[in-house]
file run_24.txt (compact mmCIF, C-alpha atoms (C1' of nucleotides))
# COMPACT_ATOMS: atom_id res chain seq x y z
CA MET B 1 -23.67 10.82 15.93
CA ALA B 2 -23.68 14.19 17.64
CA GLN B 3 -20.59 16.34 17.78
CA LYS B 4 -18.78 15.18 20.89
CA ASP B 5 -15.47 16.79 20.35
CA ASP B 6 -14.28 19.86 18.53
CA PHE B 7 -11.13 18.52 16.91
CA ASP B 8 -11.52 19.11 13.19
CA LEU B 9 -10.17 16.08 11.42
CA GLN B 10 -10.95 17.59 8.02
CA LEU B 11 -8.41 20.31 8.72
CA PHE B 12 -5.69 18.14 10.24
CA LEU B 13 -2.88 18.44 7.72
CA PRO B 14 -1.71 14.83 7.48
CA TYR B 15 -5.31 13.78 6.93
CA LEU B 16 -6.17 16.61 4.61
CA LEU B 17 -3.04 16.11 2.54
CA ALA B 18 -3.71 12.41 2.28
CA GLN B 19 -7.24 13.05 1.06
CA ALA B 20 -6.15 15.61 -1.50
CA ALA B 21 -3.23 13.49 -2.69
CA GLU B 22 -5.44 10.46 -2.94
CA ALA B 23 -8.00 12.31 -5.02
CA ALA B 24 -5.38 13.84 -7.29
CA SER B 25 -3.53 10.58 -7.77
CA ALA B 26 -6.61 8.51 -8.44
CA GLY B 27 -7.58 10.49 -11.50
CA PHE B 28 -4.14 10.45 -13.00
CA GLN B 29 -3.62 6.80 -12.15
CA ARG B 30 -6.62 5.79 -14.18
CA LEU B 31 -4.99 7.34 -17.23
CA TYR B 32 -1.57 5.72 -17.09
CA LYS B 33 -2.85 2.45 -15.74
CA GLN B 34 -5.49 2.11 -18.40
CA ARG B 35 -3.25 3.11 -21.28
CA TYR B 36 0.00 1.45 -20.32
CA GLY B 37 -0.72 -0.87 -17.40
CA MET B 38 1.77 1.03 -15.31
CA LEU B 39 2.16 1.27 -11.56
CA ARG B 40 2.84 4.48 -9.70
CA THR B 41 6.54 3.85 -9.31
CA GLU B 42 6.80 2.97 -12.98
CA TRP B 43 5.53 6.26 -14.29
CA ARG B 44 7.68 8.06 -11.78
CA VAL B 45 10.80 6.30 -13.01
CA LEU B 46 9.73 6.87 -16.59
CA PHE B 47 9.25 10.57 -15.93
CA HIS B 48 12.59 10.92 -14.24
CA LEU B 49 14.33 9.41 -17.22
CA GLY B 50 12.21 11.40 -19.63
CA ILE B 51 12.98 14.64 -17.89
CA TYR B 52 16.56 14.25 -16.77
CA GLY B 53 17.87 11.76 -19.29
CA GLU B 54 20.23 8.97 -18.38
CA MET B 55 20.39 8.24 -14.63
CA THR B 56 21.09 5.37 -12.28
CA ALA B 57 18.50 3.74 -10.05
CA ARG B 58 20.26 5.28 -7.11
CA ASP B 59 19.93 8.80 -8.52
CA ILE B 60 16.24 8.29 -9.09
CA GLY B 61 15.78 7.00 -5.59
CA ALA B 62 17.58 9.96 -4.08
CA ARG B 63 15.62 12.44 -6.11
CA ALA B 64 12.19 10.89 -5.72
CA GLY B 65 12.57 9.58 -2.20
CA LEU B 66 11.88 6.02 -3.29
CA HIS B 67 13.36 2.87 -1.84
CA LYS B 68 15.75 0.92 -4.04
CA THR B 69 13.65 -2.24 -4.06
CA LYS B 70 10.69 -0.34 -5.43
CA ILE B 71 12.85 1.14 -8.14
CA SER B 72 14.47 -2.15 -8.94
CA ARG B 73 11.11 -3.70 -9.63
CA ALA B 74 9.81 -0.72 -11.57
CA VAL B 75 12.93 -0.76 -13.73
CA ALA B 76 12.50 -4.47 -14.38
CA ALA B 77 8.88 -3.90 -15.40
CA LEU B 78 9.75 -1.03 -17.72
CA GLU B 79 12.51 -3.11 -19.24
CA THR B 80 10.10 -5.95 -19.90
CA LYS B 81 7.82 -3.47 -21.63
CA ARG B 82 10.84 -2.40 -23.70
CA LEU B 83 10.57 1.17 -22.48
CA LEU B 84 14.08 1.41 -21.08
CA THR B 85 17.46 -0.23 -21.35
CA ARG B 86 20.32 -0.53 -18.91
CA SER B 87 24.06 -0.66 -19.23
CA ARG B 88 26.69 -1.22 -16.57
CA LYS B 89 28.89 1.75 -15.93
CA THR B 90 32.53 1.06 -16.68
CA GLU B 91 33.83 3.42 -14.01
CA ASP B 92 31.77 1.62 -11.34
CA ARG B 93 30.43 -1.73 -12.33
CA ARG B 94 27.92 -1.78 -9.48
CA GLN B 95 25.91 0.98 -11.08
CA GLU B 96 23.87 0.78 -14.20
CA SER B 97 22.80 3.72 -16.21
CA LEU B 98 19.21 3.68 -17.33
CA SER B 99 17.80 5.31 -20.40
CA LEU B 100 14.55 5.29 -22.29
CA THR B 101 14.17 3.51 -25.59
CA PRO B 102 12.48 5.37 -28.44
CA ALA B 103 9.27 3.63 -27.42
CA GLY B 104 9.84 4.78 -23.85
CA ARG B 105 10.34 8.34 -24.97
CA ALA B 106 7.13 8.18 -26.97
CA VAL B 107 5.20 6.94 -23.96
CA TYR B 108 6.79 9.62 -21.85
CA ARG B 109 5.79 12.33 -24.25
CA ASP B 110 2.26 11.02 -24.35
CA LEU B 111 1.94 10.83 -20.58
CA ARG B 112 3.56 14.16 -20.17
CA GLU B 113 0.87 15.72 -22.33
CA ILE B 114 -1.75 13.98 -20.28
CA ALA B 115 -0.12 15.10 -17.06
CA GLU B 116 -0.08 18.70 -18.16
CA GLY B 117 -3.73 18.58 -19.08
CA TYR B 118 -4.64 16.85 -15.87
CA ASP B 119 -2.75 19.34 -13.76
CA ALA B 120 -4.44 22.18 -15.54
CA ARG B 121 -7.82 20.66 -14.79
CA LEU B 122 -6.96 20.30 -11.12
CA VAL B 123 -6.15 23.97 -10.72
CA ALA B 124 -8.94 25.10 -13.00
CA GLY B 125 -10.99 26.35 -10.06
CA LEU B 126 -8.08 28.33 -8.62
CA SER B 127 -6.63 31.66 -9.57
CA ALA B 128 -3.11 31.61 -10.97
CA GLU B 129 -1.89 33.17 -7.77
CA GLU B 130 -3.60 30.61 -5.58
CA ALA B 131 -2.16 27.77 -7.63
CA ALA B 132 1.33 29.19 -7.30
CA THR B 133 0.92 29.65 -3.57
CA LEU B 134 -0.38 26.13 -3.19
CA ARG B 135 2.62 24.68 -5.00
CA ARG B 136 5.03 26.75 -3.02
CA LEU B 137 3.55 25.74 0.33
CA LEU B 138 3.39 22.09 -0.66
CA GLN B 139 7.02 22.19 -1.68
CA SER B 140 8.00 23.54 1.68
CA LEU B 141 6.01 20.81 3.41
CA ALA B 142 7.48 18.13 1.19
CA GLY B 143 10.94 19.43 1.81
CA GLN B 144 11.14 19.50 5.59
CA SER B 145 10.07 15.93 6.28
CA MET I 1 21.96 13.93 -16.15
CA ALA I 2 21.52 17.18 -17.98
CA GLN I 3 18.12 18.83 -18.26
CA LYS I 4 16.60 17.32 -21.35
CA ASP I 5 13.04 18.37 -20.92
CA ASP I 6 11.37 21.26 -19.23
CA PHE I 7 8.46 19.51 -17.59
CA ASP I 8 8.72 20.24 -13.88
CA LEU I 9 7.84 17.10 -12.02
CA GLN I 10 8.34 18.79 -8.68
CA LEU I 11 5.43 21.07 -9.47
CA PHE I 12 3.09 18.47 -10.93
CA LEU I 13 0.26 18.40 -8.43
CA PRO I 14 -0.36 14.67 -8.07
CA TYR I 15 3.37 14.20 -7.49
CA LEU I 16 3.77 17.20 -5.26
CA LEU I 17 0.75 16.31 -3.18
CA ALA I 18 1.97 12.76 -2.80
CA GLN I 19 5.37 13.96 -1.62
CA ALA I 20 3.91 16.42 0.86
CA ALA I 21 1.34 13.94 2.13
CA GLU I 22 3.99 11.29 2.48
CA ALA I 23 6.23 13.58 4.48
CA ALA I 24 3.41 14.78 6.69
CA SER I 25 2.07 11.29 7.30
CA ALA I 26 5.44 9.75 8.02
CA GLY I 27 6.11 11.91 11.03
CA PHE I 28 2.69 11.39 12.52
CA GLN I 29 2.74 7.70 11.76
CA ARG I 30 5.86 7.20 13.82
CA LEU I 31 4.00 8.55 16.80
CA TYR I 32 0.87 6.42 16.71
CA LYS I 33 2.64 3.35 15.43
CA GLN I 34 5.31 3.47 18.07
CA ARG I 35 2.97 4.22 20.94
CA TYR I 36 0.01 2.06 20.03
CA GLY I 37 1.06 -0.19 17.18
CA MET I 38 -1.70 1.26 15.04
CA LEU I 39 -2.14 1.36 11.30
CA ARG I 40 -3.33 4.37 9.38
CA THR I 41 -6.90 3.18 9.03
CA GLU I 42 -6.97 2.35 12.72
CA TRP I 43 -6.23 5.82 13.96
CA ARG I 44 -8.66 7.22 11.43
CA VAL I 45 -11.45 5.04 12.73
CA LEU I 46 -10.44 5.85 16.29
CA PHE I 47 -10.55 9.56 15.55
CA HIS I 48 -13.91 9.34 13.89
CA LEU I 49 -15.37 7.65 16.92
CA GLY I 50 -13.57 10.01 19.28
CA ILE I 51 -14.84 13.05 17.46
CA TYR I 52 -18.33 12.08 16.41
CA GLY I 53 -19.19 9.47 19.03
CA GLU I 54 -21.11 6.33 18.20
CA MET I 55 -21.21 5.50 14.47
CA THR I 56 -21.49 2.52 12.18
CA ALA I 57 -18.71 1.26 9.93
CA ARG I 58 -20.74 2.44 7.00
CA ASP I 59 -20.92 6.00 8.34
CA ILE I 60 -17.18 6.08 8.86
CA GLY I 61 -16.58 4.79 5.39
CA ALA I 62 -18.80 7.40 3.83
CA ARG I 63 -17.23 10.20 5.78
CA ALA I 64 -13.61 9.17 5.38
CA GLY I 65 -13.82 7.77 1.87
CA LEU I 66 -12.60 4.37 3.03
CA HIS I 67 -13.62 1.00 1.68
CA LYS I 68 -15.65 -1.22 3.97
CA THR I 69 -13.08 -4.00 4.02
CA LYS I 70 -10.43 -1.66 5.31
CA ILE I 71 -12.75 -0.48 8.01
CA SER I 72 -13.80 -3.97 8.88
CA ARG I 73 -10.20 -4.87 9.51
CA ALA I 74 -9.41 -1.74 11.45
CA VAL I 75 -12.46 -2.27 13.64
CA ALA I 76 -11.44 -5.85 14.33
CA ALA I 77 -7.94 -4.70 15.29
CA LEU I 78 -9.23 -1.95 17.57
CA GLU I 79 -11.63 -4.40 19.16
CA THR I 80 -8.79 -6.83 19.84
CA LYS I 81 -6.91 -3.98 21.50
CA ARG I 82 -10.03 -3.33 23.59
CA LEU I 83 -10.32 0.21 22.29
CA LEU I 84 -13.84 -0.12 20.95
CA THR I 85 -16.95 -2.24 21.30
CA ARG I 86 -19.75 -3.05 18.91
CA SER I 87 -23.42 -3.72 19.31
CA ARG I 88 -25.98 -4.72 16.71
CA LYS I 89 -28.60 -2.14 16.08
CA THR I 90 -32.10 -3.32 16.92
CA GLU I 91 -33.78 -1.26 14.24
CA ASP I 92 -31.53 -2.81 11.58
CA ARG I 93 -29.68 -5.89 12.63
CA ARG I 94 -27.24 -5.66 9.73
CA GLN I 95 -25.62 -2.57 11.17
CA GLU I 96 -23.53 -2.40 14.26
CA SER I 97 -22.87 0.72 16.18
CA LEU I 98 -19.31 1.25 17.24
CA SER I 99 -18.14 3.15 20.26
CA LEU I 100 -14.89 3.67 22.08
CA THR I 101 -14.20 2.03 25.40
CA PRO I 102 -12.80 4.21 28.19
CA ALA I 103 -9.37 2.97 27.15
CA GLY I 104 -10.16 3.92 23.57
CA ARG I 105 -11.20 7.38 24.63
CA ALA I 106 -7.98 7.79 26.58
CA VAL I 107 -5.91 6.77 23.57
CA TYR I 108 -7.92 9.13 21.42
CA ARG I 109 -7.34 12.03 23.76
CA ASP I 110 -3.65 11.28 23.84
CA LEU I 111 -3.34 11.04 20.07
CA ARG I 112 -5.46 14.08 19.61
CA GLU I 113 -3.04 16.09 21.70
CA ILE I 114 -0.19 14.71 19.70
CA ALA I 115 -1.98 15.48 16.45
CA GLU I 116 -2.58 19.06 17.45
CA GLY I 117 1.04 19.53 18.35
CA TYR I 118 2.19 17.87 15.19
CA ASP I 119 -0.06 19.97 13.00
CA ALA I 120 1.18 23.12 14.70
CA ARG I 121 4.74 22.10 13.98
CA LEU I 122 3.95 21.49 10.33
CA VAL I 123 2.59 24.97 9.82
CA ALA I 124 5.19 26.60 12.05
CA GLY I 125 7.01 28.05 9.08
CA LEU I 126 3.85 29.52 7.57
CA SER I 127 1.88 32.60 8.43
CA ALA I 128 -1.60 32.06 9.84
CA GLU I 129 -3.02 33.32 6.59
CA GLU I 130 -0.93 30.98 4.48
CA ALA I 131 -1.91 28.02 6.62
CA ALA I 132 -5.59 28.88 6.27
CA THR I 133 -5.24 29.27 2.51
CA LEU I 134 -3.43 25.98 2.24
CA ARG I 135 -6.17 24.14 4.11
CA ARG I 136 -8.87 25.77 2.05
CA LEU I 137 -7.23 24.88 -1.25
CA LEU I 138 -6.52 21.33 -0.16
CA GLN I 139 -10.13 20.90 0.86
CA SER I 140 -11.29 21.98 -2.53
CA LEU I 141 -8.89 19.53 -4.17
CA ALA I 142 -9.93 16.73 -1.86
CA GLY I 143 -13.56 17.49 -2.53
CA GLN I 144 -13.74 17.42 -6.31
CA SER I 145 -12.16 14.03 -6.91
C1' DG C 1 48.08 -5.98 -0.63
C1' DG C 2 44.38 -8.01 2.63
C1' DG C 3 40.73 -7.48 5.56
C1' DT C 4 36.67 -4.77 6.77
C1' DA C 5 33.23 -1.74 5.71
C1' DA C 6 30.21 0.52 2.46
C1' DT C 7 27.41 0.85 -1.81
C1' DA C 8 24.32 -0.64 -6.05
C1' DG C 9 21.16 -3.51 -7.03
C1' DT C 10 18.35 -8.01 -6.57
C1' DT C 11 15.66 -11.55 -4.42
C1' DG C 12 12.82 -13.69 -0.87
C1' DT C 13 9.53 -13.27 2.94
C1' DT C 14 6.14 -10.97 5.55
C1' DT C 15 2.49 -7.21 5.92
C1' DT C 16 -0.81 -4.64 4.07
C1' DT C 17 -3.92 -3.46 0.54
C1' DG C 18 -7.35 -4.27 -3.18
C1' DT C 19 -10.86 -7.00 -5.26
C1' DA C 20 -14.34 -10.24 -5.53
C1' DA C 21 -17.28 -13.43 -3.60
C1' DC C 22 -19.87 -14.51 0.32
C1' DT C 23 -23.54 -14.39 4.51
C1' DA C 24 -27.13 -12.27 6.90
C1' DA C 25 -30.66 -8.99 7.21
C1' DC C 26 -33.85 -5.95 5.25
C1' DA C 27 -36.78 -3.68 1.30
C1' DA C 28 -39.83 -3.66 -2.52
C1' DC C 29 -43.02 -5.45 -5.47
C1' DG C 30 -45.76 -8.88 -7.60
C1' DC Y 1 -46.18 -14.17 1.66
C1' DG Y 2 -42.22 -15.14 -1.70
C1' DT Y 3 -39.08 -13.94 -4.96
C1' DT Y 4 -35.80 -10.52 -6.38
C1' DG Y 5 -32.83 -6.88 -5.29
C1' DT Y 6 -30.09 -4.12 -2.01
C1' DT Y 7 -27.27 -3.13 1.95
C1' DA Y 8 -23.87 -4.05 6.14
C1' DG Y 9 -20.29 -6.41 7.13
C1' DT Y 10 -16.89 -10.46 6.71
C1' DT Y 11 -13.82 -13.60 4.51
C1' DA Y 12 -10.83 -15.50 0.90
C1' DC Y 13 -7.73 -14.72 -2.58
C1' DA Y 14 -4.61 -11.75 -5.58
C1' DA Y 15 -1.67 -7.68 -6.02
C1' DA Y 16 1.42 -4.59 -4.09
C1' DA Y 17 4.32 -2.64 -0.52
C1' DA Y 18 7.64 -2.98 3.38
C1' DC Y 19 11.43 -5.15 5.27
C1' DA Y 20 15.40 -8.15 5.61
C1' DA Y 21 18.90 -10.79 3.74
C1' DC Y 22 21.75 -11.57 -0.13
C1' DT Y 23 25.52 -10.90 -4.25
C1' DA Y 24 28.78 -8.27 -6.54
C1' DT Y 25 31.73 -4.50 -6.66
C1' DT Y 26 34.27 -0.65 -4.85
C1' DA Y 27 36.34 2.23 -0.98
C1' DC Y 28 38.92 2.59 3.16
C1' DC Y 29 42.72 1.84 5.99
C1' DC Y 30 46.10 -0.93 8.78
call {"tool": "encode", "arguments": {"input": "run_24.txt", "output": "structure tokens"}}
result
Amino acid sequence: MAQKDDFDLQLFLPYLLAQAAEAASAGFQRLYKQRYGMLRTEWRVLFHLGIYGEMTARDIGARAGLHKTKISRAVAALETKRLLTRSRKTEDRRQESLSLTPAGRAVYRDLREIAEGYDARLVAGLSAEEAATLRRLLQSLAGQS
Amino acid sequence: MAQKDDFDLQLFLPYLLAQAAEAASAGFQRLYKQRYGMLRTEWRVLFHLGIYGEMTARDIGARAGLHKTKISRAVAALETKRLLTRSRKTEDRRQESLSLTPAGRAVYRDLREIAEGYDARLVAGLSAEEAATLRRLLQSLAGQS
DNA sequence: GGGTAATAGTTGTTTTTGTAACTAACAACG
DNA sequence: CGTTGTTAGTTACAAAAACAACTATTACCC
């Protein structure tokens, strides 16, 4: 198992990002999965509605970069859990506007607290400046695509 | 769709990391998928063998943080494509040592070139210092888990 | 208007992943 | 030795994701 080649996989960005994202997601996932039996797309939809208020599935997809089938199923699951409701838009009956129920808003607030705490723990080892730089650079990477 | 809540999802690290990792992976994936019909775990295994030489599935799993079933499947796929061979170890007949075939090494060298170019493109907008900082911070995030 | 294309969302099918149970080989301890 | 436990790797089954085809509604445009 001697070093045969000097390519450093640990520093290759797609690999490194995947490892970091995986680690960061795993910890947070345990929390929302355990407490509310949610999937990743479900909390994302929940957060979008919690943050931005009423939106359509299409809006969420555009903003989060999620495919409509994923959203459709997440919405159905959240509806079953009575965390959101839908209503057809009168101006365009293809669209439906989604909004959280009171129970949904309560779950959102709870998870939001948890998210804030979790994020704080993740950057605990970093200086405030480093954390800000990290977020800025990640945003630029996420943006170009 | 007015701002109802001031939590910034775009800056929440698990979300931000997932978005950046997704974007970075997608571009690279197109390349290895198109050219060699590989899956993510397959190129990872290939790279491990290309970089470190002969290893067992267990070693790769430990190093890459991958579950043994995933590796088992990737190894089978790479074997079918005649990119690697296995041989039982005599000192412990449970283990098998994996190594790339000449064809496997050629594919590795090709993908490695591509990876280097791709990585360079990703950090093209960043200063050398920023890129180094980014990698360092991501490594620390990937490490803690 | 009437036909064609485009869009919002759903459903069905195929891949891929995750999880758990399994086989084969070795280790440890009486 | 022999029974019990552990490890390497595979296989079978369940969950989730990706992809394609579908329905219903609206937009375009001749």
call {"tool": "interface_residues", "arguments": {"input": "run_24.txt", "of": "chain C", "to": "chain I", "cutoff": "9 Å", "atoms": "all atoms listed in the file", "output": "PyMOL selection string"}}
result
chain C and resi 17+24-26
call {"tool": "atom_distance", "arguments": {"input": "run_24.txt", "atom1": "CA of Thr133 in chain B", "atom2": "CA of Leu11 in chain I"}}
result
11.3 Å
call {"tool": "atom_distance", "arguments": {"input": "run_24.txt", "atom1": "CA of Gln29 in chain I", "atom2": "CA of Gln29 in chain B"}}
result
24.8 Å
call {"tool": "residues_around", "arguments": {"input": "run_24.txt", "residues": "Asp119 in chain I", "least_positions_apart": "4", "cutoff": "12 Å", "atoms": "all atoms listed in the file", "output": "PDB file with C-alpha atoms, in the frame of the given file"}}
result
ATOM      1  CA  PHE B   7     -11.130  18.520  16.910  1.00  0.00           C
ATOM      2  CA  ASP B   8     -11.520  19.110  13.190  1.00  0.00           C
ATOM      3  CA  LEU B   9     -10.170  16.080  11.420  1.00  0.00           C
ATOM      4  CA  LEU B  11      -8.410  20.310   8.720  1.00  0.00           C
ATOM      5  CA  PHE B  12      -5.690  18.140  10.240  1.00  0.00           C
ATOM      6  CA  LEU B  13      -2.880  18.440   7.720  1.00  0.00           C
ATOM      7  CA  PRO B  14      -1.710  14.830   7.480  1.00  0.00           C
ATOM      8  CA  TYR B  15      -5.310  13.780   6.930  1.00  0.00           C
ATOM      9  CA  LEU B  16      -6.170  16.610   4.610  1.00  0.00           C
ATOM     10  CA  LEU B  17      -3.040  16.110   2.540  1.00  0.00           C
ATOM     11  CA  LEU B 141       6.010  20.810   3.410  1.00  0.00           C
TER      12      LEU B 141
ATOM     13  CA  ALA I  24       3.410  14.780   6.690  1.00  0.00           C
ATOM     14  CA  SER I  25       2.070  11.290   7.300  1.00  0.00           C
ATOM     15  CA  GLY I  27       6.110  11.910  11.030  1.00  0.00           C
ATOM     16  CA  PHE I  28       2.690  11.390  12.520  1.00  0.00           C
ATOM     17  CA  LEU I 111      -3.340  11.040  20.070  1.00  0.00           C
ATOM     18  CA  ARG I 112      -5.460  14.080  19.610  1.00  0.00           C
ATOM     19  CA  GLU I 113      -3.040  16.090  21.700  1.00  0.00           C
ATOM     20  CA  ILE I 114      -0.190  14.710  19.700  1.00  0.00           C
ATOM     21  CA  ALA I 115      -1.980  15.480  16.450  1.00  0.00           C
ATOM     22  CA  VAL I 123       2.590  24.970   9.820  1.00  0.00           C
ATOM     23  CA  ALA I 124       5.190  26.600  12.050  1.00  0.00           C
ATOM     24  CA  GLY I 125       7.010  28.050   9.080  1.00  0.00           C
ATOM     25  CA  LEU I 126       3.850  29.520   7.570  1.00  0.00           C
ATOM     26  CA  ALA I 131      -1.910  28.020   6.620  1.00  0.00           C
ATOM     27  CA  ARG I 135      -6.170  24.140   4.110  1.00  0.00           C
TER      28      ARG I 135
END
call {"tool": "residues_around", "arguments": {"input": "run_24.txt", "residues": "DC29 in chain Y", "least_positions_apart": "5", "cutoff": "12 Å", "atoms": "all atoms listed in the file", "output": "VMD selection string"}}
result
chain C and resid 1 to 5
call {"tool": "residues_around", "arguments": {"input": "run_24.txt", "residues": "Leu84 in chain I", "least_positions_apart": "3", "cutoff": "7 Å", "atoms": "all atoms listed in the file", "output": "MDAnalysis selection string"}}
result
chainID I and resid 78:79 98:101 104
call {"tool": "residues_around", "arguments": {"input": "run_24.txt", "residues": "range 10-23 of chain Y", "least_positions_apart": "2", "cutoff": "12 Å", "atoms": "all atoms listed in the file", "output": "VMD selection string"}}
result
(chain B and resid 39 to 41 66 to 70 73 to 74 94) or (chain I and resid 68 to 73 75 to 76 94) or (chain C and resid 8 to 24) or (chain Y and resid 8 25)
call {"tool": "closest_residue", "arguments": {"input": "run_24.txt", "among": "B:Arg30, B:Arg35, B:Arg44, B:Lys81", "to": "chain I", "atoms": "only C-alpha atoms"}}
result
B:Arg44
call {"tool": "atom_distance", "arguments": {"input": "run_24.txt", "atom1": "CA of Ala77 in chain I", "atom2": "CA of Glu42 in chain I"}}
result
7.6 Å
call {"tool": "closest_residue", "arguments": {"input": "run_24.txt", "among": "I:Gly37, I:Pro102, I:Gly143, I:Gly61", "to": "chain B", "atoms": "only C-alpha atoms"}}
result
I:Gly143
